[in-house]
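Engineer: This is the structure, below, for whatever I ask next.
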Amino acid sequence: MEEFLNQIELYAMNYGLNIITAIIILIIGLWIANIITNSIKKIILKRNPDETLNKFVGGLIKIVLVTFVVIAAVSKIGIETTSFVAVLGAAVFAIGFALQGSLSNFAAGVMLIIFRPVKVGDFIEAGGASGSVNEIGIFSSILTTPDNKVIFVPNSKIISDNIINYSAKDTRRVDMVFGISYTDDIDKAKSIIKEILDGNDKVMKEPEALLVVSELADSSVNFKVGPWVNSADYWTVYFDTHEQVKKKFDENNISIPFPQTDVHLFKQN
């Protein structure tokens, strides 16, 4: 027991000062790292008030600074930093090899944050899913569908596929197709559709709505209709226009063709 205490006393005399110095370096270094990180986050926030970008960059900078502080503290104790860095590098390599999918998602998350094809609040279609963006995470992004389902989409699937951002522009054109019978009056049907669009206060006057005969189909004359609206009013105008067209066509005896099969029976003698 006495020998053990003597060894502790000897170790404390030889390395005690270095240990205390290392602890001081660690405490002061972490404090400075927090100050630098917060300062950089404030600068980024002033230039780009995007919370996702701010958190990601701030977290990445803090990890780098803390790593340097830990290496400096470890070297003060007497541990060879080259060996420490080599072991750390080998561990990172092994973990990275085992988590290749996660690393690809991480890299995709970095690209989403840097290039900003989407942002929180946008309604998008990407990675086989569609919905409003709730969060752009490091490994996956969270979408909410119109019926309030939550979808977690890996970032690698988003960045490797086509991204359709329905909220990127303030206005959108509501593309619709309405068909009438070949026996109906084209000018009358066109006038009714125009009246419906003009009477909807959510339809923009400029640019002018698209209203043309787009196709002479097998059983119908098709109109392509495309009023311009604010993006937030898209679905309201879409559903309301379909309902109004059906009602007005019925009132004016304009038929909307639908698939039907004629069966002819022949009597054989």
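By order of appearance in the structure tokens: chains A, B, ..., then residues from 1 within every chain, and ligands from 1 in the order shown.
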Region 225-239 of chain A: which residues within 9 Å, counting only C-alpha atoms, same-chain residues fewer than 3 positions away excluded, as number ranges by chain?
Structural biologist: A: 166-167, 169-178, 193, 197, 200, 202-213, 242-244
Engineer: Take the selection from the previous step and output its residues with C-alpha atoms, as a PDB file, in the first residue's frame.
Structural biologist:
ATOM      1  CA  TYR A 166     -43.928  24.027 -56.165  1.00  0.00           C
ATOM      2  CA  SER A 167     -43.264  26.945 -53.802  1.00  0.00           C
ATOM      3  CA  LYS A 169     -42.288  30.996 -57.348  1.00  0.00           C
ATOM      4  CA  ASP A 170     -44.939  33.313 -55.930  1.00  0.00           C
ATOM      5  CA  THR A 171     -47.391  32.515 -58.738  1.00  0.00           C
ATOM      6  CA  ARG A 172     -48.422  29.331 -60.552  1.00  0.00           C
ATOM      7  CA  ARG A 173     -50.591  28.403 -63.507  1.00  0.00           C
ATOM      8  CA  VAL A 174     -53.440  26.008 -62.753  1.00  0.00           C
ATOM      9  CA  ASP A 175     -53.499  23.663 -65.751  1.00  0.00           C
ATOM     10  CA  MET A 176     -56.854  21.966 -66.338  1.00  0.00           C
ATOM     11  CA  VAL A 177     -58.563  20.159 -69.235  1.00  0.00           C
ATOM     12  CA  PHE A 178     -62.328  20.217 -69.894  1.00  0.00           C
ATOM     13  CA  ILE A 193     -65.345  28.970 -68.859  1.00  0.00           C
ATOM     14  CA  LEU A 197     -62.508  32.525 -64.422  1.00  0.00           C
ATOM     15  CA  ASN A 200     -63.138  34.169 -59.345  1.00  0.00           C
ATOM     16  CA  LYS A 202     -58.393  34.512 -56.726  1.00  0.00           C
ATOM     17  CA  VAL A 203     -57.611  34.313 -60.452  1.00  0.00           C
ATOM     18  CA  MET A 204     -55.068  36.935 -61.536  1.00  0.00           C
ATOM     19  CA  LYS A 205     -55.957  39.335 -64.347  1.00  0.00           C
ATOM     20  CA  GLU A 206     -52.320  39.437 -65.497  1.00  0.00           C
ATOM     21  CA  PRO A 207     -50.905  37.303 -66.995  1.00  0.00           C
ATOM     22  CA  GLU A 208     -54.001  36.428 -68.984  1.00  0.00           C
ATOM     23  CA  ALA A 209     -55.439  32.974 -68.415  1.00  0.00           C
ATOM     24  CA  LEU A 210     -54.805  30.318 -71.044  1.00  0.00           C
ATOM     25  CA  LEU A 211     -58.060  29.215 -72.736  1.00  0.00           C
ATOM     26  CA  VAL A 212     -57.698  27.324 -76.010  1.00  0.00           C
ATOM     27  CA  VAL A 213     -59.044  24.288 -77.852  1.00  0.00           C
ATOM     28  CA  HIS A 242     -63.938  22.073 -61.718  1.00  0.00           C
ATOM     29  CA  GLU A 243     -67.102  22.348 -59.643  1.00  0.00           C
ATOM     30  CA  GLN A 244     -68.262  25.546 -61.351  1.00  0.00           C
TER      31      GLN A 244
END
Engineer: Select, from A:Ile23, A:Ser220, A:Ile142, A:Asp240, the residue with the minimum atom-to-atom distance to Thr183 (chain A), counting only C-alpha atoms.
Structural biologist: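 Once distances to Thr183 (chain A) are computed over only C-alpha atoms, the minimum belongs to A:Ser220.
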Engineer: Report as an mmCIF file with C-alpha atoms, in the first residue's frame: the residues of region 120-255 of chain A with a DSSP assignment of alpha helix (DSSP H), based on the backbone of this structure.
Structural biologist:
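Final output, saved to result-v2.cif:
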data_model
loop_
_atom_site.group_PDB
_atom_site.id
_atom_site.type_symbol
_atom_site.label_atom_id
_atom_site.label_comp_id
_atom_site.auth_asym_id
_atom_site.auth_seq_id
_atom_site.Cartn_x
_atom_site.Cartn_y
_atom_site.Cartn_z
ATOM 1 C CA ASN A 155 -31.080 13.256 -48.277
ATOM 2 C CA SER A 156 -29.263 11.095 -50.817
ATOM 3 C CA LYS A 157 -32.601 10.177 -52.448
ATOM 4 C CA ILE A 158 -33.588 13.839 -52.669
ATOM 5 C CA ILE A 159 -30.320 15.063 -54.164
ATOM 6 C CA SER A 160 -30.026 12.165 -56.651
ATOM 7 C CA ILE A 186 -67.479 25.583 -78.834
ATOM 8 C CA ASP A 187 -67.854 29.376 -78.537
ATOM 9 C CA LYS A 188 -70.579 29.018 -75.922
ATOM 10 C CA ALA A 189 -68.526 26.604 -73.820
ATOM 11 C CA LYS A 190 -65.481 28.857 -74.110
ATOM 12 C CA SER A 191 -67.543 31.869 -73.008
ATOM 13 C CA ILE A 192 -68.846 29.985 -69.962
ATOM 14 C CA ILE A 193 -65.345 28.970 -68.859
ATOM 15 C CA LYS A 194 -64.092 32.543 -69.302
ATOM 16 C CA GLU A 195 -67.011 33.852 -67.237
ATOM 17 C CA ILE A 196 -66.152 31.414 -64.444
ATOM 18 C CA LEU A 197 -62.508 32.525 -64.422
ATOM 19 C CA ASP A 198 -63.395 36.223 -64.531
ATOM 20 C CA TYR A 234 -53.595 26.854 -56.328
ATOM 21 C CA TRP A 235 -55.755 24.042 -54.976
ATOM 22 C CA THR A 236 -58.649 26.346 -54.041
ATOM 23 C CA VAL A 237 -58.915 27.583 -57.633
ATOM 24 C CA TYR A 238 -58.359 24.079 -59.042
ATOM 25 C CA PHE A 239 -61.221 22.461 -57.102
ATOM 26 C CA ASP A 240 -63.564 25.440 -57.355
ATOM 27 C CA THR A 241 -63.144 25.747 -61.155
ATOM 28 C CA HIS A 242 -63.938 22.073 -61.718
ATOM 29 C CA GLU A 243 -67.102 22.348 -59.643
ATOM 30 C CA GLN A 244 -68.262 25.546 -61.351
ATOM 31 C CA VAL A 245 -67.608 24.207 -64.856
ATOM 32 C CA LYS A 246 -69.720 21.115 -64.191
ATOM 33 C CA LYS A 247 -72.603 23.188 -62.790
ATOM 34 C CA LYS A 248 -72.530 25.802 -65.571
ATOM 35 C CA PHE A 249 -72.271 23.186 -68.324
ATOM 36 C CA ASP A 250 -75.309 21.396 -66.880
ATOM 37 C CA GLU A 251 -77.278 24.663 -66.711
#
Engineer: Let's see if you can do this: from backbone DSSP, list all strand (DSSP E) residues in region 105-216 of chain A, as a PyMOL selection string.
Structural biologist: chain A and resi 123-126+129-136+140-144+150-154+164-165+171-173+176-180+210-216
Engineer: Mind pulling up the distance from CA of Ile61 (chain A) to CA of Ile40 (chain A)?
Structural biologist: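 Separating CA of Ile40 (chain A) from CA of Ile61 (chain A) is a distance of 8.7 Å.
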Engineer: With distances taken over only C-alpha atoms, which residue among A:Leu26, A:Ile36, A:Val110, A:Phe266 lies nearest Val69 (chain A)?
Structural biologist: A:Leu26
Engineer: Name the closest residue to Ile138 (chain A) among the candidates A:Val221, A:Asn165, A:Asn105, A:Phe115; distances are taken between atoms, counting only C-alpha atoms.
Structural biologist: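 Using only C-alpha atoms, Ile138 (chain A) sits closest to A:Asn105.
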Engineer: Contacts of Lys119 (chain A) at 10 Å or less, counting only C-alpha atoms, minus same-chain residues fewer than 4 places along, as a list in words?
Structural biologist: Asp50, Thr52, Leu112, Ile113, Phe123, Ile124, Ser132, Val133, Asn134, Glu135, Ile136, Asn165, Ser167 and Ala168 of chain A
Engineer: Go ahead and write the selection's residues with N, CA and C atoms as a compact mmCIF listing (two decimals), in the first residue's frame.
Structural biologist:
# COMPACT_ATOMS: atom_id res chain seq x y z
N ASP A 50 -31.29 31.95 -42.19
CA ASP A 50 -31.78 30.59 -42.36
C ASP A 50 -31.30 29.77 -41.18
N THR A 52 -31.60 26.59 -40.46
CA THR A 52 -30.97 25.31 -40.80
C THR A 52 -29.50 25.48 -41.14
N LEU A 112 -27.60 20.06 -49.98
CA LEU A 112 -28.92 20.72 -49.86
C LEU A 112 -28.80 22.04 -49.12
N ILE A 113 -27.96 22.07 -48.10
CA ILE A 113 -27.80 23.28 -47.30
C ILE A 113 -27.02 24.34 -48.07
N PHE A 123 -43.33 23.39 -50.61
CA PHE A 123 -44.01 22.14 -50.98
C PHE A 123 -43.24 21.56 -52.16
N ILE A 124 -42.69 20.35 -51.97
CA ILE A 124 -41.83 19.77 -52.99
C ILE A 124 -42.26 18.34 -53.33
N SER A 132 -44.84 19.24 -47.64
CA SER A 132 -44.21 20.48 -47.19
C SER A 132 -42.96 20.16 -46.37
N VAL A 133 -41.89 20.89 -46.61
CA VAL A 133 -40.62 20.65 -45.91
C VAL A 133 -40.71 21.20 -44.49
N ASN A 134 -40.60 20.30 -43.51
CA ASN A 134 -40.58 20.72 -42.11
C ASN A 134 -39.17 20.96 -41.60
N GLU A 135 -38.26 20.12 -42.06
CA GLU A 135 -36.89 20.22 -41.56
C GLU A 135 -35.93 19.62 -42.58
N ILE A 136 -34.79 20.29 -42.78
CA ILE A 136 -33.72 19.75 -43.60
C ILE A 136 -32.62 19.31 -42.64
N ASN A 165 -40.02 21.87 -57.00
CA ASN A 165 -40.35 22.80 -55.93
C ASN A 165 -41.54 23.65 -56.36
N SER A 167 -43.19 25.68 -54.54
CA SER A 167 -43.26 26.95 -53.80
C SER A 167 -42.16 27.92 -54.18
N ALA A 168 -41.33 27.55 -55.16
CA ALA A 168 -40.19 28.40 -55.51
C ALA A 168 -40.63 29.74 -56.08
Engineer: Out of A:Glu125, A:Val150, A:Ser140, A:Ile20, which residue has the shortest atom-to-atom distance to Ser104 (chain A) when counting only C-alpha atoms?
Structural biologist: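 Closest candidate: A:Ser140.
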Engineer: Find the residue from A:Pro154, A:Gly29, A:Pro257, A:Gly131 that sits nearest to Ala73 (chain A); use only C-alpha atoms when measuring.
Structural biologist: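 Counting only C-alpha atoms, the residue closest to Ala73 (chain A) is A:Gly29.
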